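S.K.: What follows is my_file-v5.cif; its format and atoms are mmCIF, C-alpha atoms.
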```
data_query
loop_
_atom_site.label_atom_id
_atom_site.label_comp_id
_atom_site.auth_asym_id
_atom_site.auth_seq_id
_atom_site.Cartn_x
_atom_site.Cartn_y
_atom_site.Cartn_z
CA MET A 1 47.75 2.11 96.85
CA LYS A 2 50.85 3.15 98.78
CA ALA A 3 51.12 6.68 100.20
CA VAL A 4 54.20 8.87 99.77
CA LEU A 5 54.63 12.09 101.73
CA THR A 6 56.44 14.87 99.89
CA ILE A 7 57.72 17.86 101.85
CA THR A 8 58.87 20.66 99.57
CA GLY A 9 58.02 23.97 97.91
CA SER A 10 55.35 24.94 95.42
CA ASP A 11 56.25 25.54 91.76
CA SER A 12 53.73 27.82 90.01
CA CYS A 13 54.58 26.37 86.59
CA GLY A 14 54.25 22.76 87.74
CA GLY A 15 57.61 21.61 86.38
CA ALA A 16 58.93 20.75 89.84
CA GLY A 17 57.91 21.03 93.47
CA ILE A 18 54.67 19.81 95.04
CA GLN A 19 52.70 20.03 91.80
CA ALA A 20 55.10 17.78 89.90
CA ASP A 21 55.35 15.36 92.84
CA ILE A 22 51.59 14.87 92.94
CA LYS A 23 51.50 14.23 89.19
CA THR A 24 54.38 11.73 89.20
CA ILE A 25 53.27 9.78 92.27
CA SER A 26 49.70 9.59 91.01
CA GLN A 27 50.77 8.42 87.54
CA LEU A 28 52.79 5.60 89.12
CA GLY A 29 49.87 4.35 91.18
CA GLY A 30 50.79 5.93 94.49
CA TYR A 31 48.90 8.34 96.71
CA ALA A 32 50.55 11.71 97.20
CA LEU A 33 50.47 13.32 100.64
CA THR A 34 51.91 16.83 100.79
CA ALA A 35 53.40 19.42 103.11
CA ILE A 36 54.40 22.75 101.55
CA THR A 37 57.47 24.52 102.94
CA SER A 38 57.62 27.56 100.64
CA ILE A 39 55.44 29.18 98.02
CA THR A 40 57.46 30.44 95.08
CA VAL A 41 56.55 33.24 92.72
CA GLN A 42 57.88 31.93 89.43
CA ASN A 43 57.28 31.35 85.75
CA THR A 44 59.25 29.95 82.82
CA LEU A 45 61.85 32.72 83.25
CA GLY A 46 62.69 31.73 86.82
CA ILE A 47 61.85 32.49 90.43
CA GLN A 48 61.11 36.08 91.42
CA ASN A 49 60.21 35.70 95.08
CA TYR A 50 59.45 33.30 97.92
CA TYR A 51 57.05 33.07 100.79
CA ASP A 52 58.40 30.66 103.39
CA LEU A 53 55.58 29.17 105.42
CA PRO A 54 55.84 29.44 109.23
CA PRO A 55 57.58 26.36 110.67
CA GLU A 56 54.59 25.51 112.84
CA THR A 57 52.41 25.46 109.73
CA VAL A 58 54.84 22.97 108.18
CA ARG A 59 54.77 20.94 111.39
CA GLY A 60 50.98 20.87 111.36
CA GLN A 61 50.85 19.65 107.76
CA VAL A 62 53.37 16.86 108.34
CA GLU A 63 51.92 15.65 111.63
CA ALA A 64 48.36 15.67 110.30
CA VAL A 65 49.13 13.21 107.51
CA ILE A 66 51.74 11.09 109.33
CA ASN A 67 49.49 10.56 112.35
CA ASP A 68 46.57 9.57 110.15
CA VAL A 69 48.02 7.76 107.11
CA GLU A 70 51.49 6.67 108.32
CA PRO A 71 53.37 6.83 104.99
CA ASN A 72 56.40 4.56 104.96
CA VAL A 73 58.32 6.76 102.48
CA VAL A 74 58.97 10.48 102.81
CA LYS A 75 60.50 12.64 100.09
CA VAL A 76 62.05 15.95 101.17
CA GLY A 77 62.86 18.82 98.82
CA LEU A 78 63.09 22.59 99.26
CA ILE A 79 63.88 23.79 102.80
CA ARG A 80 64.85 27.46 103.02
CA THR A 81 64.93 28.28 106.76
CA LEU A 82 66.65 26.82 109.79
CA ALA A 83 63.42 26.83 111.78
CA THR A 84 61.63 24.75 109.14
CA LEU A 85 64.61 22.41 108.84
CA ASN A 86 64.62 21.82 112.60
CA VAL A 87 60.89 21.04 112.56
CA ILE A 88 61.27 18.54 109.71
CA VAL A 89 64.27 16.83 111.28
CA ASP A 90 62.51 16.55 114.65
CA LEU A 91 59.43 15.01 113.02
CA LEU A 92 61.45 12.53 110.96
CA GLN A 93 63.34 11.47 114.09
CA LYS A 94 60.08 11.09 116.00
CA TYR A 95 58.05 9.13 113.44
CA ARG A 96 60.93 7.28 111.70
CA PRO A 97 59.54 6.42 108.25
CA ASP A 98 61.14 3.41 106.57
CA SER A 99 62.76 5.48 103.82
CA ILE A 100 63.67 9.16 103.54
CA ILE A 101 64.63 10.44 100.10
CA TYR A 102 66.16 13.90 99.88
CA ASP A 103 66.06 15.74 96.55
CA ALA A 104 68.88 18.23 97.03
CA VAL A 105 67.26 21.51 96.04
CA VAL A 106 70.10 24.01 96.45
CA ARG A 107 70.10 26.01 93.21
CA THR A 108 67.66 26.90 90.45
CA ALA A 109 68.10 25.63 86.90
CA GLN A 110 69.58 29.10 86.16
CA GLY A 111 72.24 28.56 88.85
CA GLU A 112 70.79 30.93 91.45
CA GLN A 113 71.22 29.85 95.07
CA LEU A 114 67.91 28.86 96.66
CA ILE A 115 68.97 28.33 100.26
CA PRO A 116 71.28 30.29 102.57
CA ASP A 117 74.67 28.83 103.45
CA ASP A 118 73.75 28.27 107.10
CA VAL A 119 70.70 26.21 106.09
CA HIS A 120 72.84 24.22 103.66
CA ASP A 121 75.36 23.44 106.40
CA MET A 122 72.66 22.30 108.82
CA ILE A 123 71.04 20.11 106.15
CA VAL A 124 74.36 18.31 105.81
CA ARG A 125 74.74 17.96 109.58
CA ARG A 126 71.17 17.15 110.64
CA LEU A 127 69.06 15.96 107.70
CA LEU A 128 71.40 13.91 105.53
CA PRO A 129 72.33 11.37 108.26
CA LEU A 130 68.63 10.45 108.44
CA CYS A 131 68.28 9.89 104.68
CA THR A 132 68.10 6.58 102.86
CA VAL A 133 69.27 8.23 99.64
CA VAL A 134 70.19 11.72 98.43
CA ILE A 135 69.47 12.81 94.84
CA ILE A 136 71.85 15.38 93.41
CA GLY A 137 70.80 17.02 90.13
CA LYS A 138 73.08 18.57 87.52
CA GLU A 139 72.67 22.13 88.81
CA GLN A 140 72.99 21.16 92.49
CA SER A 141 75.98 20.76 94.75
CA ILE A 142 76.15 19.48 98.31
CA SER A 143 79.39 20.27 100.09
CA LYS A 144 80.84 18.12 102.87
CA LEU A 145 78.69 15.15 101.85
CA PRO A 146 79.50 12.18 104.15
CA ASP A 147 80.89 9.13 102.36
CA SER A 148 78.45 6.86 104.17
CA ILE A 149 75.38 8.42 102.54
CA HIS A 150 73.98 6.71 99.45
CA THR A 151 73.79 9.28 96.66
CA ILE A 152 72.43 9.17 93.14
CA ALA A 153 73.74 11.76 90.71
CA ILE A 154 71.37 12.99 88.01
CA ASP A 155 73.69 14.84 85.63
CA ASP A 156 72.59 13.65 82.21
CA ASN A 157 69.50 15.78 81.61
CA PRO A 158 69.26 19.59 81.90
CA GLN A 159 65.46 19.70 81.76
CA HIS A 160 63.81 21.67 84.54
CA GLY A 161 62.30 19.29 87.09
CA TYR A 162 64.12 16.17 85.85
CA ALA A 163 65.76 15.39 89.20
CA ASN A 164 62.51 16.26 90.95
CA GLY A 165 60.61 13.76 88.80
CA PHE A 166 63.26 11.11 89.32
CA SER A 167 63.21 11.45 93.10
CA SER A 168 59.39 11.33 93.19
CA ALA A 169 59.36 8.21 91.03
CA LEU A 170 62.08 6.64 93.17
CA ALA A 171 60.07 7.34 96.33
CA CYS A 172 56.97 5.82 94.76
CA PHE A 173 58.74 2.63 93.64
CA VAL A 174 60.45 2.24 97.03
CA SER A 175 57.07 2.56 98.73
CA GLN A 176 55.86 -0.34 96.58
CA GLY A 177 58.51 -2.63 98.04
CA LEU A 178 61.15 -2.57 95.30
CA SER A 179 64.81 -2.71 96.20
CA LEU A 180 66.70 0.54 95.90
CA ALA A 181 68.54 -0.71 92.81
CA ASP A 182 65.32 -1.77 91.06
CA ALA A 183 63.55 1.41 92.12
CA GLU A 184 66.39 3.50 90.70
CA SER A 185 66.31 1.64 87.39
CA LYS A 186 62.54 2.01 87.03
CA ALA A 187 62.66 5.68 88.09
CA ARG A 188 65.27 6.48 85.44
CA ALA A 189 63.23 4.71 82.77
CA TYR A 190 60.12 6.63 83.82
CA VAL A 191 61.64 10.13 83.77
CA ASN A 192 63.50 9.46 80.53
CA ALA A 193 60.23 8.43 78.89
CA GLN A 194 58.49 11.50 80.32
CA SER A 195 61.19 13.93 79.19
CA ALA A 196 61.05 12.49 75.68
CA THR A 197 57.34 13.19 75.34
CA VAL A 198 56.61 16.11 77.66
CA SER A 199 58.42 19.43 77.49
CA ASP A 200 58.41 22.25 80.01
CA ALA A 201 55.77 24.93 79.76
CA THR A 202 56.94 27.61 77.35
CA GLY A 203 56.44 31.30 77.93
CA ARG A 204 56.14 34.14 75.44
CA CYS A 205 59.41 35.89 76.20
CA GLY A 206 60.58 36.31 72.60
CA GLU A 207 57.21 37.46 71.29
CA LEU A 208 56.71 39.91 74.14
CA TYR A 209 60.18 41.41 73.68
CA ARG A 210 59.41 42.01 70.01
CA LEU A 211 56.09 43.66 70.87
CA PHE A 212 57.83 45.82 73.47
CA LEU A 213 60.31 47.10 70.89
CA GLU A 214 57.48 47.78 68.45
CA ALA A 215 55.59 49.75 71.10
CA ILE A 216 58.67 51.83 71.88
CA ALA A 217 59.25 52.54 68.20
CA GLU A 218 55.64 53.69 67.87
CA ARG A 219 55.24 55.58 71.15
CA GLY A 220 58.77 56.20 72.39
CA ASP A 221 58.69 59.90 71.58
CA GLU A 222 55.66 60.34 73.86
CA TYR A 223 55.86 57.77 76.65
CA HIS A 224 58.86 57.09 78.87
CA ASP A 225 57.06 55.37 81.75
CA ILE A 226 57.63 51.60 81.95
CA ASN A 227 54.22 51.09 83.54
CA TYR A 228 52.65 52.50 80.36
CA TYR A 229 54.34 49.83 78.24
CA ALA A 230 53.53 47.07 80.74
CA ASP A 231 49.86 48.11 80.71
CA HIS A 232 49.91 48.38 76.92
CA LEU A 233 51.20 44.79 76.68
CA ASN A 234 48.86 43.61 79.46
CA VAL A 235 51.65 42.25 81.68
CA SER A 236 53.16 43.29 84.99
CA ALA A 237 56.18 45.58 85.06
CA ARG A 238 58.04 42.82 86.92
CA TYR A 239 57.42 40.29 84.14
CA LEU A 240 58.44 42.82 81.49
CA ALA A 241 61.72 43.31 83.38
CA GLN A 242 62.29 39.54 83.37
CA VAL A 243 61.66 39.42 79.64
CA THR A 244 64.13 42.16 78.74
CA HIS A 245 66.76 40.79 81.12
CA ARG A 246 66.48 37.36 79.53
CA ALA A 247 66.51 38.80 76.00
CA VAL A 248 69.31 41.37 76.17
CA GLY A 249 70.41 41.73 79.79
CA LEU A 250 68.89 45.21 80.14
CA THR A 251 66.03 46.65 82.16
CA PRO A 252 62.97 48.00 80.32
CA LYS A 253 63.98 51.53 81.39
CA GLN A 254 67.43 51.13 79.88
CA ILE A 255 65.88 50.02 76.59
CA VAL A 256 63.33 52.86 76.58
CA ASP A 257 66.04 55.41 77.45
CA LYS A 258 68.28 54.10 74.69
CA GLU A 259 65.52 54.31 72.09
CA MET A 260 64.46 57.73 73.39
CA THR A 261 68.02 58.98 73.01
CA HIS A 262 68.07 57.90 69.34
CA ILE A 263 64.76 59.66 68.75
CA LEU A 264 66.04 62.86 70.38
CA GLN A 265 69.31 62.78 68.46
CA SER A 266 67.40 62.51 65.21
CA ALA A 267 65.04 65.33 66.20
CA LEU A 268 67.91 67.64 67.18
CA LEU A 269 69.55 67.18 63.78
CA SER A 270 66.45 67.26 61.59
CA SER A 271 64.65 70.18 63.24
CA ALA A 272 65.59 73.75 64.03
CA GLN A 273 62.92 73.98 66.72
CA PRO A 274 63.93 75.56 70.04
CA LEU A 275 64.97 73.07 72.71
CA GLN A 276 62.02 73.98 74.88
CA GLN A 277 59.58 73.03 72.11
CA LEU A 278 61.44 69.78 71.41
CA ALA A 279 61.27 68.97 75.11
CA TYR A 280 57.49 69.42 75.23
CA ASP A 281 56.97 67.55 71.93
CA HIS A 282 58.77 64.50 73.35
CA GLY A 283 57.03 64.28 76.70
CA PHE A 284 59.46 66.13 78.95
CA THR A 285 58.10 68.46 81.61
CA SER A 286 60.66 71.17 80.89
CA GLN A 287 63.75 72.02 78.88
CA GLN A 288 65.82 71.42 81.99
CA HIS A 289 64.36 67.94 82.30
CA PHE A 290 65.14 67.27 78.63
CA THR A 291 68.72 68.55 78.99
CA LYS A 292 69.38 66.50 82.14
CA PHE A 293 68.14 63.30 80.51
CA PHE A 294 70.05 63.86 77.27
CA LYS A 295 73.34 64.67 79.02
CA LYS A 296 73.03 61.59 81.22
CA GLN A 297 72.63 59.41 78.14
CA THR A 298 75.23 61.00 75.83
CA GLY A 299 77.55 63.06 77.99
CA LEU A 300 76.56 66.19 76.06
CA THR A 301 73.79 68.76 76.42
CA PRO A 302 71.40 69.02 73.44
CA SER A 303 73.09 72.28 72.37
CA GLN A 304 76.55 70.71 72.63
CA TYR A 305 75.37 67.71 70.63
CA ARG A 306 74.05 69.90 67.82
CA ALA A 307 77.29 71.90 67.77
CA GLU A 308 79.47 68.77 67.83
CA VAL A 309 77.65 67.12 64.93
CA LYS A 310 77.78 70.37 62.94
CA ARG A 311 81.53 70.70 63.61
CA LYS A 312 82.25 67.14 62.46
CA ALA A 313 80.19 67.67 59.32
CA GLU A 314 82.17 70.82 58.45
CA GLU A 315 85.48 69.00 58.98
CA ARG A 316 84.51 66.45 56.37
#
```
As structure tokens, how would this structure be written, given the file I've shared?
M.R.:
Amino acid sequence: MKAVLTITGSDSCGGAGIQADIKTISQLGGYALTAITSITVQNTLGIQNYYDLPPETVRGQVEAVINDVEPNVVKVGLIRTLATLNVIVDLLQKYRPDSIIYDAVVRTAQGEQLIPDDVHDMIVRRLLPLCTVVIIGKEQSISKLPDSIHTIAIDDNPQHGYANGFSSALACFVSQGLSLADAESKARAYVNAQSATVSDATGRCGELYRLFLEAIAERGDEYHDINYYADHLNVSARYLAQVTHRAVGLTPKQIVDKEMTHILQSALLSSAQPLQQLAYDHGFTSQQHFTKFFKKQTGLTPSQYRAEVKRKAEER
């Protein structure tokens, strides 16, 4: 059983990163050694945050397994800091594995940039000249790529983690002694078979958005606080914000405010209650608070809105 060392980030959903590497290498009969560079906070809607491990922690992980197991193939993925890049390059130059495969992780599947420009530039200058092959996925782009570097473009499948799976499979087949051409052919066949039978994890974005709207319709005249709705739906406020952004491009507060405005407009026209009473009935701390909110949303005070609607009705 041949060992492959993968140096990259962690993907909470398992579609890419260390988790996917371990699965792919193990399925192909290899033994996965790992060194984590960054821990991502992500789900099916994308990445929300990162925790980049200290470079000396990365160094310790890599040296521990290289000194002991001596893998002949190393796969490199997500590197987000110059300090970590320098550590990895120094170690690769020191231990000189037979093959170094770089999975160019530059952008997310949603097109968001994962690494700063200065890190990207130094990857091109310092890491790529050491690589046996560079994998470039559909959503990635490597500028100033030297002509002498062997590259494989993966641009025929948009599935999250496809290039990651291909590069892991390629590393595994290379470690087993196959030529680069044969390893590439077998890696493509493997990931194509996997993508045909295994889909990405699916979240509950659509269902949760619907439940959010239902909760607003039911409680919008009483509750304006986003944390209330997040607690009611048993999710974090951050995840709720991801859901609404994906669904309609708005924040939860913008949606609540919009619905609240409709409720207030209806109440102003259907009731002759004083504004102060309407304010209290709809969860505002004072009439002034009610007026400030309503004017921000409509450009009119509640009194002006009532008068304007009445004037337009009389003109008809």
S.K.: Rounded to one decimal, what separation in Å do you get between atom CA of Gln113 of chain A and atom CA of Gly161 of chain A?
M.R.: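 These atoms are spaced 16.0 Å apart.
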S.K.: Restricting the calculation to all atoms listed in the file: of A:Gly77, A:Val119, A:Arg96, A:Cys13, which residue gets closest to Gly137 of chain A?
M.R.: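 Nearest candidate to Gly137 of chain A out of A:Gly77, A:Val119, A:Arg96, A:Cys13: A:Gly77.
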S.K.: Might you spell out which residues the PyMOL selection byres ((chain A and resi 127) around 9) would select in the displayed file, as a CSV table (one decimal) with C-alpha atoms, in the coordinates of the input?
M.R.:
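Result file follows (part07.csv):
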```
chain,number,residue,atom,x,y,z
A,85,LEU,CA,64.6,22.4,108.8
A,86,ASN,CA,64.6,21.8,112.6
A,88,ILE,CA,61.3,18.5,109.7
A,89,VAL,CA,64.3,16.8,111.3
A,92,LEU,CA,61.4,12.5,111.0
A,102,TYR,CA,66.2,13.9,99.9
A,122,MET,CA,72.7,22.3,108.8
A,123,ILE,CA,71.0,20.1,106.2
A,124,VAL,CA,74.4,18.3,105.8
A,125,ARG,CA,74.7,18.0,109.6
A,126,ARG,CA,71.2,17.2,110.6
A,128,LEU,CA,71.4,13.9,105.5
A,129,PRO,CA,72.3,11.4,108.3
A,130,LEU,CA,68.6,10.4,108.4
A,131,CYS,CA,68.3,9.9,104.7
```
S.K.: Report as a count of residues only the full result of the PyMOL selection byres ((chain A and resi 188) around 12) when it is applied to this structure.
M.R.: 30
S.K.: Taking all atoms listed in the file into account, produce a table as a Markdown table in which each residue of segment 47-110 of chain A with an atom at most 12 Å from an atom of segment 7-12 of chain A appears once, together with its shortest atom pair and the distance in Å to one decimal, ordered by chain and rising number.
M.R.:
```
| residue | atom | partner | partner_atom | distance |
| --- | --- | --- | --- | --- |
| A:Ile47 | CA | A:Asp11 | CA | 9.0 |
| A:Gln48 | CA | A:Ser12 | CA | 11.2 |
| A:Asn49 | CA | A:Ser12 | CA | 11.4 |
| A:Tyr50 | CA | A:Gly9 | CA | 9.4 |
| A:Tyr51 | CA | A:Gly9 | CA | 9.6 |
| A:Asp52 | CA | A:Gly9 | CA | 8.7 |
| A:Leu53 | CA | A:Gly9 | CA | 9.5 |
| A:Val58 | CA | A:Ile7 | CA | 8.6 |
| A:Arg59 | CA | A:Ile7 | CA | 10.4 |
| A:Gln61 | CA | A:Ile7 | CA | 9.2 |
| A:Val62 | CA | A:Ile7 | CA | 7.9 |
| A:Glu63 | CA | A:Ile7 | CA | 11.6 |
| A:Val65 | CA | A:Ile7 | CA | 11.3 |
| A:Ile66 | CA | A:Ile7 | CA | 11.7 |
| A:Val73 | CA | A:Ile7 | CA | 11.1 |
| A:Val74 | CA | A:Ile7 | CA | 7.5 |
| A:Lys75 | CA | A:Ile7 | CA | 6.2 |
| A:Val76 | CA | A:Ile7 | CA | 4.8 |
| A:Gly77 | CA | A:Thr8 | CA | 4.5 |
| A:Leu78 | CA | A:Thr8 | CA | 4.7 |
| A:Ile79 | CA | A:Thr8 | CA | 6.7 |
| A:Arg80 | CA | A:Gly9 | CA | 9.2 |
| A:Thr84 | CA | A:Ile7 | CA | 10.8 |
| A:Leu85 | CA | A:Ile7 | CA | 10.8 |
| A:Val87 | CA | A:Ile7 | CA | 11.6 |
| A:Ile88 | CA | A:Ile7 | CA | 8.7 |
| A:Val89 | CA | A:Ile7 | CA | 11.5 |
| A:Leu91 | CA | A:Ile7 | CA | 11.7 |
| A:Leu92 | CA | A:Ile7 | CA | 11.2 |
| A:Ile100 | CA | A:Ile7 | CA | 10.7 |
| A:Ile101 | CA | A:Ile7 | CA | 10.3 |
| A:Tyr102 | CA | A:Ile7 | CA | 9.5 |
| A:Asp103 | CA | A:Thr8 | CA | 9.2 |
| A:Ala104 | CA | A:Thr8 | CA | 10.6 |
| A:Val105 | CA | A:Thr8 | CA | 9.1 |
| A:Thr108 | CA | A:Asp11 | CA | 11.6 |
```
S.K.: Would you translate the PyMOL selection byres ((chain A and resi 149) around 9) into the concrete set of residues it matches in this file, as a list of chain:residue names?
M.R.: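 Given this file, the PyMOL selection byres ((chain A and resi 149) around 9) evaluates to A:Leu128, A:Pro129, A:Cys131, A:Thr132, A:Val133, A:Val134, A:Leu145, A:Pro146, A:Asp147, A:Ser148, A:His150, A:Thr151.
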S.K.: What's the separation between atom CA of Leu114 of chain A and atom CA of Thr57 of chain A, in Å to one decimal place?
M.R.: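 That distance, rounded to one decimal, is 20.6 Å.
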S.K.: Between A:Ile25, A:Val309, A:Ala272, A:Ile18, which is the closest to Val174 of chain A once you count all atoms listed in the file?
M.R.: A:Ile25
S.K.: At what distance in Å, to one decimal, does atom CA of Asn72 of chain A lie from atom CA of Lys2 of chain A?
M.R.: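 Atom-to-atom, atom CA of Lys2 of chain A and atom CA of Asn72 of chain A are spaced 8.4 Å apart.
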S.K.: Write out as number ranges by chain the residues lying within 7 Å of Thr261 of chain A, counting all atoms listed in the file and excluding same-chain residues fewer than 3 positions away.
M.R.: A: 257-258, 264-265, 294, 297
S.K.: Using only C-alpha atoms, which of A:Gln93, A:Ser99, A:Gln287, A:Ser175 sits nearest Tyr31 of chain A?
M.R.: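 Counting only C-alpha atoms, the residue closest to Tyr31 of chain A is A:Ser175.
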S.K.: Set the distance at 12 Å and use only C-alpha atoms: which residues neighbour Ala217 of chain A once local chain neighbours fewer than 6 positions away are removed? I'd like the list as a list of chain:residue names.
M.R.: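 My list of contacting residues is A:Arg210, A:Leu211, A:Tyr223, A:His224, A:Tyr229, A:Ile255, A:Val256, A:Asp257, A:Lys258, A:Glu259, A:Met260, A:Thr261, A:His262, A:Ile263.
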S.K.: Include C-alpha atoms and write out the residues we just selected as a compact mmCIF listing (two decimals), in the coordinates of the input.
M.R.:
```txt
# COMPACT_ATOMS: atom_id res chain seq x y z
CA ARG A 210 59.41 42.01 70.01
CA LEU A 211 56.09 43.66 70.87
CA TYR A 223 55.86 57.77 76.65
CA HIS A 224 58.86 57.09 78.87
CA TYR A 229 54.34 49.83 78.24
CA ILE A 255 65.88 50.02 76.59
CA VAL A 256 63.33 52.86 76.58
CA ASP A 257 66.04 55.41 77.45
CA LYS A 258 68.28 54.10 74.69
CA GLU A 259 65.52 54.31 72.09
CA MET A 260 64.46 57.73 73.39
CA THR A 261 68.02 58.98 73.01
CA HIS A 262 68.07 57.90 69.34
CA ILE A 263 64.76 59.66 68.75
```
S.K.: Point out the residue among A:Val243, A:Val41, A:Ala3, A:Val235 with the least atom-to-atom distance to Cys205 of chain A, counting all atoms listed in the file.
M.R.: A:Val243
S.K.: Hey, which of A:Ile142, A:Leu5, A:Leu45, A:Ile135 ends up closest to Ile115 of chain A? Count only C-alpha atoms.
M.R.: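 Looking at the shortest contact to Ile115 of chain A, the residue is A:Ile142.
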S.K.: Ranking A:Lys295, A:Pro274, A:Ala215, A:Gly46 by minimum distance to Arg246 of chain A and counting all atoms listed in the file, which one comes first?
M.R.: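 Of A:Lys295, A:Pro274, A:Ala215, A:Gly46, the one nearest Arg246 of chain A is A:Gly46, counting all atoms listed in the file.
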